[in-house]
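To start, the structure under review is shown below, and the notes come after it.
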Amino acid sequence: MRNIVRIISSIRITTTSFNLRTGIITGRRNYSYILPSNFTSTMSVANATYNAGNAAAVRTEFADGNISSKFGPEVINYFSGSPLNRVSFLRGSTAFLSAALPQAHFLLLNGDLDPLSTSNTHLAFVPFSVVESFIGAPYAQDEDDLIASYDSRLAAPPTLLFLGLDESDGDAGFEWAKREGGSVYKGRPYFAVAVGDWTPEGVEGEWRKTRLDLKLEREHAAILGQARAVMDWNNRNRFCSACGGATIAVHAGTKRVCPGFDKALQKDGDKTPVERTPCVSRKGVHNIAFPRTDPTVIMAIVNMAGDKVLLGRQRRWPEHFYSCLAGFVEPAESVEEAVRRETWEEAGVRVGRVVVHSSQPWPYPNSLMLGCIGEALPGGEEIHLEHDPELQQAKWFPISFVKDMLTRPAAGLDAALPEGFQEGDIRLPPGTAIATQLLQAVASNYHGGLKI
C-alpha cells in the first residue's frame with residue numbers, strides 16, 4: 001500500500017501505510033493548502049503547505065485564473081473540502097450502487113448520529129463484509145419497483161447514503177460505466193449507514209460526539225458533514241409534510257418519496273394495487289422530498305474608520321466569549337440584505353457595503369454559513385440592543401486587540417480559559433468556526449485579496 005502523510009496537532013509528521021481501521025484516506029488530492037500570511041507555524045509536505053493549528057485553508061490550483069488574480073484564492077472552511085466526487089447523477093442507478101457496495105468503505109452513525117471513530121482526529125471506515133448482513137440487498141429492486149412494492153407492515157430498512165467516490169484511491173479497483181465505450185467512473189466508493197444501537201463485532205473504534213469536539217482532520221470532517229446532514233434530514237422526514245403518510249428513502253438516501261400504493265391495504269388474495277391518501281407531492285414539480293439546507297449569514301462588521309470590528313455575545317455562552325453576529329436568511333432576501341437586517345435587528349448598527357468572504361457547511365443540523373464582511377454606515381455605528389433580545393452584549397473591539405486574541409482562540413464553548421488569560425481579554429471561537437476565519441481576514445485587512 002502507498003505511504004501517506006499524516007499531520008497531527010503537535011506539529012509532527014509521520015508516514016504510515018494505509019490501514020482501514022485508522023480511517024485514513026489515501027491518495028493525491030486535486031487541491032493544496034497554503035497559509036494566511038499572518039501564520040508562521042507551518043510545515044511543507046509534497047505540494048502542500050499546512051498549518052496544524054488553523055482549520056481553514058485556501059485552494060491554490062486556481063491561482064492563475066482571472067478571478068483569483070482579482071479577488072484572491074478560494075477559502076476552504078472546516079466541513080468543506082471533501083475528497084469525494086459525489087457523482088450525484090448516479091444516485092438513481094441501482095446497477096451502479098449494487099456494483100459499488102462490495103468494494104466500498106462504510107461510515108457508521110449511531111442513533112444520535114455520532115460517528116464510529118478510531119480517534120478524535122479520524123473516523124473509522126469498515127468494509128462491506130462488516131455491514132452486509134445488516135443492510136441486506138438494498139438495491140435489489142430499481143426505484144420504481146421499490147416504490148410500487150411498498151408495504152407499511154414491514155419495518156423500514158436501515159438508511160443507507162451513497163457519499164461519493166474517492167477517485168484518488170487507485171487500489172480500490174472499482175470501475176463502472178453506464179454503457180460500453182462511455183464515461184468510466186472509478187475510485188473507492190463511500191457510503192454512510194444509520195445503525196441505531198447496532199454495534200458490529202470485531203471492529204475497533206468508539207462512538208464520538210463531534211459537535212463540541214471538532215478535532216477531526218479536515219477531509220474526515222467534510223465526509224462526516226455530508227453524512228450527518230443528509231442522515232439527519234432522513235430522520236426528520238419519515239412522514240410526508242403534505243399528507244402525513246410514511247415516506248421511503250430512494251436515490252441513494254438523498255430523496256424521500258411518498259408511495260402512491262400500500263400492499264397492506266390490499267384484501268387477502270387480491271393483488272389489485274390500493275391507493276393511499278392522495279398527496280400533492282406525487283404530482284407536478286415540487287421540492288418537499290429533497291434534503292434542505294438553511295442559508296445563514298455570519299458577518300464581521302467593521303466601522304467606517306476600519307480600525308474596529310463588531311462582536312456580540314449571547315446569554316447562554318460562557319463568560320468572556322464573543323463572536324460575529326449571525327442569523328438566518330429569510331425567503332426572498334439576498335445575502336447582503338440579510339446581513340444588514342440581522343446586524344440592525346441584533347445590534348442596532350446600520351451596514352452599507354457587504355462582501356462575501358467564504359462559506360461553511362454546518363451539519364448541526366443543516367445550515368450553510370455564508371461568511372461576509374460588512375462596513376457600518378456613517379452615523380450608523382451606535383449600538384442599540386432593544387430591537388431583538390438575542391444578544392446580551394455587543395461591542396466594538398479594536399482590530400489590533402482582536403488580532404491579539406486570535407492567537408489563543410477557545411478550543412470550544414466548554415473549554416477552560418486559555419493560558420495567560422487576563423482581565424479584559426475575550427475568548428473567540430476556535431479555528432474550525434468560520435467566525436474566526438472572518439476575523440482573521442479583518443485582522444489582515446483583506447477580504448480574499450481585496451483590501452477593504
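For the C-alpha cells, the naming scheme is as follows: chains receive sequential letters (A, B, ...) according to their order of presentation, residues are indexed from 1 within each chain, and ligands are indexed from 1 in presentation order.
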
Compile the contact shell of region 185-202 of chain A as a tab-separated table (two decimals) with N, CA and C atoms, in the first residue's frame: residues with an atom at most 9 Å away, counting only C-alpha atoms, same-chain residues fewer than 6 positions apart removed.
```
chain	number	residue	atom	x	y	z
A	84	LEU	N	-14.27	13.47	-1.84
A	84	LEU	CA	-15.15	12.59	-2.61
A	84	LEU	C	-15.82	13.33	-3.76
A	87	VAL	N	-20.70	12.38	-7.66
A	87	VAL	CA	-21.36	11.80	-8.85
A	87	VAL	C	-22.87	11.67	-8.63
A	100	ALA	N	-21.14	-0.96	-6.59
A	100	ALA	CA	-20.22	-0.24	-5.71
A	100	ALA	C	-20.12	-0.85	-4.32
A	101	LEU	N	-21.17	-1.48	-3.85
A	101	LEU	CA	-21.21	-1.96	-2.46
A	101	LEU	C	-20.04	-2.86	-2.06
A	103	GLN	N	-16.98	-3.16	-2.81
A	103	GLN	CA	-15.66	-2.55	-2.66
A	103	GLN	C	-15.71	-1.23	-1.91
A	104	ALA	N	-16.82	-0.94	-1.28
A	104	ALA	CA	-17.00	0.35	-0.62
A	104	ALA	C	-16.46	0.33	0.81
A	105	HIS	N	-16.21	1.53	1.31
A	105	HIS	CA	-15.95	1.76	2.73
A	105	HIS	C	-17.21	2.40	3.32
A	106	PHE	N	-17.54	2.03	4.55
A	106	PHE	CA	-18.78	2.47	5.17
A	106	PHE	C	-18.50	3.23	6.46
A	107	LEU	N	-19.14	4.39	6.59
A	107	LEU	CA	-19.10	5.16	7.82
A	107	LEU	C	-20.36	4.83	8.61
A	108	LEU	N	-20.21	4.45	9.86
A	108	LEU	CA	-21.35	4.06	10.70
A	108	LEU	C	-21.74	5.21	11.61
A	109	LEU	N	-23.05	5.49	11.67
A	109	LEU	CA	-23.59	6.52	12.55
A	109	LEU	C	-24.61	5.87	13.48
A	110	ASN	N	-24.49	6.15	14.79
A	110	ASN	CA	-25.42	5.54	15.73
A	110	ASN	C	-26.73	6.35	15.80
A	111	GLY	N	-27.58	6.03	16.76
A	111	GLY	CA	-28.87	6.68	16.86
A	111	GLY	C	-28.81	8.16	17.10
A	112	ASP	N	-27.71	8.64	17.69
A	112	ASP	CA	-27.51	10.08	17.91
A	112	ASP	C	-26.72	10.71	16.77
A	113	LEU	N	-26.47	9.94	15.70
A	113	LEU	CA	-25.68	10.37	14.56
A	113	LEU	C	-24.23	10.67	14.93
A	125	PHE	N	-13.73	3.61	9.08
A	125	PHE	CA	-14.45	3.12	7.91
A	125	PHE	C	-14.35	1.60	7.89
A	130	VAL	N	-18.53	-6.23	6.89
A	130	VAL	CA	-18.98	-5.92	8.25
A	130	VAL	C	-20.46	-5.57	8.29
A	131	VAL	N	-20.95	-4.89	7.26
A	131	VAL	CA	-22.34	-4.40	7.28
A	131	VAL	C	-23.27	-5.21	6.38
A	134	PHE	N	-26.31	-6.60	7.88
A	134	PHE	CA	-27.16	-5.57	8.48
A	134	PHE	C	-27.98	-4.84	7.42
A	135	ILE	N	-27.37	-4.52	6.28
A	135	ILE	CA	-28.08	-3.74	5.27
A	135	ILE	C	-28.81	-4.61	4.26
A	158	PRO	N	-32.52	-0.09	7.11
A	158	PRO	CA	-31.58	0.94	7.57
A	158	PRO	C	-31.36	1.99	6.47
A	159	THR	N	-31.24	3.24	6.87
A	159	THR	CA	-30.98	4.30	5.90
A	159	THR	C	-29.53	4.21	5.45
A	160	LEU	N	-29.36	4.14	4.13
A	160	LEU	CA	-28.04	3.99	3.53
A	160	LEU	C	-27.81	5.15	2.57
A	161	LEU	N	-26.71	5.87	2.73
A	161	LEU	CA	-26.39	7.01	1.90
A	161	LEU	C	-25.15	6.73	1.06
A	162	PHE	N	-25.24	6.99	-0.22
A	162	PHE	CA	-24.04	6.96	-1.05
A	162	PHE	C	-23.41	8.35	-0.98
A	163	LEU	N	-22.15	8.41	-0.54
A	163	LEU	CA	-21.47	9.68	-0.34
A	163	LEU	C	-20.66	10.12	-1.56
A	164	GLY	N	-20.07	9.17	-2.28
A	164	GLY	CA	-19.28	9.52	-3.44
A	164	GLY	C	-18.12	8.58	-3.65
A	165	LEU	N	-17.26	8.95	-4.60
A	165	LEU	CA	-16.09	8.16	-4.95
A	165	LEU	C	-14.82	8.90	-4.59
A	166	ASP	N	-13.89	8.23	-3.96
A	166	ASP	CA	-12.55	8.77	-3.76
A	166	ASP	C	-11.74	8.36	-4.98
A	167	GLU	N	-11.68	9.24	-5.96
A	167	GLU	CA	-11.05	8.91	-7.24
A	167	GLU	C	-9.54	8.77	-7.12
A	168	SER	N	-8.97	9.23	-6.03
A	168	SER	CA	-7.52	9.15	-5.86
A	168	SER	C	-7.08	7.79	-5.34
A	169	ASP	N	-8.02	6.96	-4.91
A	169	ASP	CA	-7.67	5.66	-4.35
A	169	ASP	C	-7.52	4.65	-5.49
A	170	GLY	N	-6.31	4.55	-6.00
A	170	GLY	CA	-6.05	3.65	-7.12
A	170	GLY	C	-6.08	2.19	-6.74
A	171	ASP	N	-6.10	1.88	-5.46
A	171	ASP	CA	-6.12	0.48	-5.01
A	171	ASP	C	-7.53	-0.08	-4.93
A	172	ALA	N	-8.54	0.75	-5.13
A	172	ALA	CA	-9.91	0.29	-4.96
A	172	ALA	C	-10.30	-0.75	-5.99
A	173	GLY	N	-9.88	-0.54	-7.24
A	173	GLY	CA	-10.21	-1.50	-8.29
A	173	GLY	C	-11.63	-1.41	-8.79
A	174	PHE	N	-12.38	-0.39	-8.36
A	174	PHE	CA	-13.77	-0.27	-8.80
A	174	PHE	C	-13.86	0.64	-10.01
A	175	GLU	N	-14.53	0.15	-11.06
A	175	GLU	CA	-14.81	0.93	-12.25
A	175	GLU	C	-16.23	0.64	-12.70
A	176	TRP	N	-16.89	1.65	-13.23
A	176	TRP	CA	-18.26	1.46	-13.70
A	176	TRP	C	-18.54	2.43	-14.84
A	177	ALA	N	-19.25	1.95	-15.84
A	177	ALA	CA	-19.65	2.78	-16.97
A	177	ALA	C	-21.13	2.55	-17.26
A	178	LYS	N	-21.80	3.61	-17.65
A	178	LYS	CA	-23.23	3.49	-17.98
A	178	LYS	C	-23.43	2.59	-19.19
A	224	LEU	N	-17.91	13.50	7.19
A	224	LEU	CA	-18.90	13.43	8.26
A	224	LEU	C	-19.98	14.49	8.07
A	227	ALA	N	-22.46	13.25	5.52
A	227	ALA	CA	-23.23	12.10	6.01
A	227	ALA	C	-24.21	12.51	7.10
A	228	ARG	N	-23.76	13.30	8.04
A	228	ARG	CA	-24.61	13.65	9.17
A	228	ARG	C	-25.79	14.52	8.74
A	231	MET	N	-28.29	12.38	6.74
A	231	MET	CA	-28.92	11.38	7.60
A	231	MET	C	-29.90	12.04	8.56
```

- Message: Taking only region 98-316 of chain A into account, list the residues labelled alpha helix (DSSP H) by DSSP (computed from the backbone), as a PyMOL selection string.
- Response: chain A and resi 98-100+128-135+143-148+218-236

Keeping only C-alpha atoms, write the selected residues to a file as a tab-separated table (two decimals), in the first residue's frame.
```
chain	number	residue	atom	x	y	z
A	98	SER	CA	-25.12	-2.50	-6.34
A	99	ALA	CA	-21.77	-2.76	-8.10
A	100	ALA	CA	-20.22	-0.24	-5.71
A	128	PHE	CA	-18.81	-4.29	3.11
A	129	SER	CA	-18.34	-7.61	4.89
A	130	VAL	CA	-18.98	-5.92	8.25
A	131	VAL	CA	-22.34	-4.40	7.28
A	132	GLU	CA	-23.55	-6.89	4.65
A	133	SER	CA	-25.84	-8.81	6.98
A	134	PHE	CA	-27.16	-5.57	8.48
A	135	ILE	CA	-28.08	-3.74	5.27
A	143	GLU	CA	-36.59	2.65	-7.59
A	144	ASP	CA	-39.91	2.33	-9.44
A	145	ASP	CA	-40.36	-1.27	-8.29
A	146	LEU	CA	-39.32	-0.36	-4.75
A	147	ILE	CA	-41.95	2.38	-4.57
A	148	ALA	CA	-44.65	0.18	-6.14
A	218	ARG	CA	-10.44	18.26	7.53
A	219	GLU	CA	-11.21	15.56	4.93
A	220	HIS	CA	-12.81	13.34	7.54
A	221	ALA	CA	-14.79	16.33	8.83
A	222	ALA	CA	-16.09	17.02	5.32
A	223	ILE	CA	-17.20	13.41	4.87
A	224	LEU	CA	-18.90	13.43	8.26
A	225	GLY	CA	-20.57	16.76	7.48
A	226	GLN	CA	-22.20	15.36	4.35
A	227	ALA	CA	-23.23	12.10	6.01
A	228	ARG	CA	-24.61	13.65	9.17
A	229	ALA	CA	-26.61	16.41	7.45
A	230	VAL	CA	-28.33	14.08	4.99
A	231	MET	CA	-28.92	11.38	7.60
A	232	ASP	CA	-30.46	13.93	9.96
A	233	TRP	CA	-32.76	15.09	7.16
A	234	ASN	CA	-33.87	11.50	6.57
A	235	ASN	CA	-34.60	11.06	10.27
A	236	ARG	CA	-36.71	14.22	10.36
```

Sorted by chain and rising residue number, list the residues of region 381-436 of chain A at most 6 Å from region 341-362 of chain A (counting only C-alpha atoms), each with its closest atom pair and distance in Å to one decimal, as a Markdown table.
```
| residue | atom | partner | partner_atom | distance |
| --- | --- | --- | --- | --- |
| A:Glu381 | CA | A:Val349 | CA | 5.1 |
| A:Glu382 | CA | A:Val349 | CA | 6.0 |
| A:Ile383 | CA | A:Gly348 | CA | 5.2 |
| A:His384 | CA | A:Gly348 | CA | 4.4 |
| A:Leu385 | CA | A:Ala347 | CA | 5.1 |
| A:His387 | CA | A:Glu345 | CA | 5.5 |
| A:Asp388 | CA | A:Glu346 | CA | 5.2 |
```

Restrict the selected residues to N, CA, C and O atoms and save them as an mmCIF file, in the first residue's frame.
```
data_model
loop_
_atom_site.group_PDB
_atom_site.id
_atom_site.type_symbol
_atom_site.label_atom_id
_atom_site.label_comp_id
_atom_site.auth_asym_id
_atom_site.auth_seq_id
_atom_site.Cartn_x
_atom_site.Cartn_y
_atom_site.Cartn_z
ATOM 1 N N GLU A 381 -23.131 53.665 13.586
ATOM 2 C CA GLU A 381 -22.317 52.764 14.396
ATOM 3 C C GLU A 381 -22.787 52.628 15.840
ATOM 4 O O GLU A 381 -22.253 51.805 16.588
ATOM 5 N N GLU A 382 -23.780 53.395 16.244
ATOM 6 C CA GLU A 382 -24.243 53.315 17.626
ATOM 7 C C GLU A 382 -24.951 51.990 17.883
ATOM 8 O O GLU A 382 -25.816 51.568 17.118
ATOM 9 N N ILE A 383 -24.575 51.346 18.976
ATOM 10 C CA ILE A 383 -25.138 50.038 19.323
ATOM 11 C C ILE A 383 -26.446 50.227 20.088
ATOM 12 O O ILE A 383 -26.537 51.036 21.007
ATOM 13 N N HIS A 384 -27.456 49.456 19.685
ATOM 14 C CA HIS A 384 -28.785 49.533 20.301
ATOM 15 C C HIS A 384 -29.336 48.116 20.355
ATOM 16 O O HIS A 384 -29.591 47.495 19.326
ATOM 17 N N LEU A 385 -29.530 47.574 21.563
ATOM 18 C CA LEU A 385 -29.902 46.163 21.734
ATOM 19 C C LEU A 385 -31.385 45.939 22.013
ATOM 20 O O LEU A 385 -31.771 44.811 22.322
ATOM 21 N N HIS A 387 -34.033 46.127 19.965
ATOM 22 C CA HIS A 387 -34.881 45.559 18.916
ATOM 23 C C HIS A 387 -35.115 44.064 19.148
ATOM 24 O O HIS A 387 -36.240 43.587 19.238
ATOM 25 N N ASP A 388 -34.025 43.318 19.216
ATOM 26 C CA ASP A 388 -34.064 41.861 19.328
ATOM 27 C C ASP A 388 -33.269 41.470 20.574
ATOM 28 O O ASP A 388 -32.095 41.805 20.692
#
```

- Message: Just want the 7 Å neighbourhood of Val302 (chain A), counted on only C-alpha atoms, with same-chain residues fewer than 3 positions away dropped. Output as a ChimeraX atom specification.
- Response: /A:306,308-310,374-376

- d(CA of Met405 (chain A), CA of Gln393 (chain A)) in Å: 18.2 Å

Could you give me, as JSON lines, every region 342-438 of chain A residue with an atom at most 12 Å from region 284-294 of chain A, plus its closest atom pair and distance in Å to one decimal, counting only C-alpha atoms, rows ordered by chain then number?
```
{"residue": "A:Gln360", "atom": "CA", "partner": "A:Thr293", "partner_atom": "CA", "distance": 11.7}
{"residue": "A:Pro361", "atom": "CA", "partner": "A:Thr293", "partner_atom": "CA", "distance": 8.9}
{"residue": "A:Trp362", "atom": "CA", "partner": "A:Thr293", "partner_atom": "CA", "distance": 9.5}
{"residue": "A:Pro363", "atom": "CA", "partner": "A:Thr293", "partner_atom": "CA", "distance": 9.3}
{"residue": "A:Tyr364", "atom": "CA", "partner": "A:Asp294", "partner_atom": "CA", "distance": 10.7}
{"residue": "A:Pro365", "atom": "CA", "partner": "A:Thr293", "partner_atom": "CA", "distance": 8.9}
{"residue": "A:Asn366", "atom": "CA", "partner": "A:Thr293", "partner_atom": "CA", "distance": 5.3}
{"residue": "A:Ser367", "atom": "CA", "partner": "A:Asp294", "partner_atom": "CA", "distance": 4.6}
{"residue": "A:Leu368", "atom": "CA", "partner": "A:Asp294", "partner_atom": "CA", "distance": 6.0}
{"residue": "A:Met369", "atom": "CA", "partner": "A:Asp294", "partner_atom": "CA", "distance": 8.5}
{"residue": "A:Leu370", "atom": "CA", "partner": "A:Asp294", "partner_atom": "CA", "distance": 10.3}
```

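Counting only C-alpha atoms, Asp414 (chain A) has the following residues at most 10 Å away, ignoring those fewer than 5 positions along the same chain: Leu212, Asp213, Trp317 and Pro318 of chain A.
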
- Item | Residues flagged strand (DSSP E or B) by DSSP in region 112-152 of chain A, as a VMD selection string | chain A and resid 115 to 117 123 125 to 127

Keeping only C-alpha atoms, take the residues you just selected and write them out as an mmCIF file, in the first residue's frame.
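This is the output file part.cif:
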```cif
data_model
loop_
_atom_site.group_PDB
_atom_site.id
_atom_site.type_symbol
_atom_site.label_atom_id
_atom_site.label_comp_id
_atom_site.auth_asym_id
_atom_site.auth_seq_id
_atom_site.Cartn_x
_atom_site.Cartn_y
_atom_site.Cartn_z
ATOM 1 C CA PRO A 115 -19.733 8.503 14.025
ATOM 2 C CA LEU A 116 -17.711 5.413 14.786
ATOM 3 C CA SER A 117 -14.166 6.758 15.128
ATOM 4 C CA LEU A 123 -13.278 8.352 11.503
ATOM 5 C CA PHE A 125 -14.450 3.122 7.909
ATOM 6 C CA VAL A 126 -15.472 -0.528 7.682
ATOM 7 C CA PRO A 127 -15.662 -2.863 4.653
#
```

- To one decimal place, how far is CA of His320 (chain A) from CA of Leu428 (chain A) in Å? 8.6 Å

- Query: Counting only C-alpha atoms, which of A:Asn66, A:Thr432, A:Gln141, A:Ser281 gets nearest to Ala242 (chain A)?
  - Reply: A:Ser281

- Task: Find the distance between CA of Lys263 (chain A) and CA of Ala249 (chain A) and write it in Å to one decimal.
- Result: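 Between CA of Lys263 (chain A) and CA of Ala249 (chain A) the gap is 17.4 Å.
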
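Proximity to Ser323 (chain A) at 9 Å, evaluated using only C-alpha atoms and with sequence-adjacent residues fewer than 2 positions away removed, yields Ala300, Leu310, Leu311, Gly312, Arg313, Phe321, Leu325, Ala326, Arg427, Leu428, Pro429, Ala435 and Thr436 of chain A.
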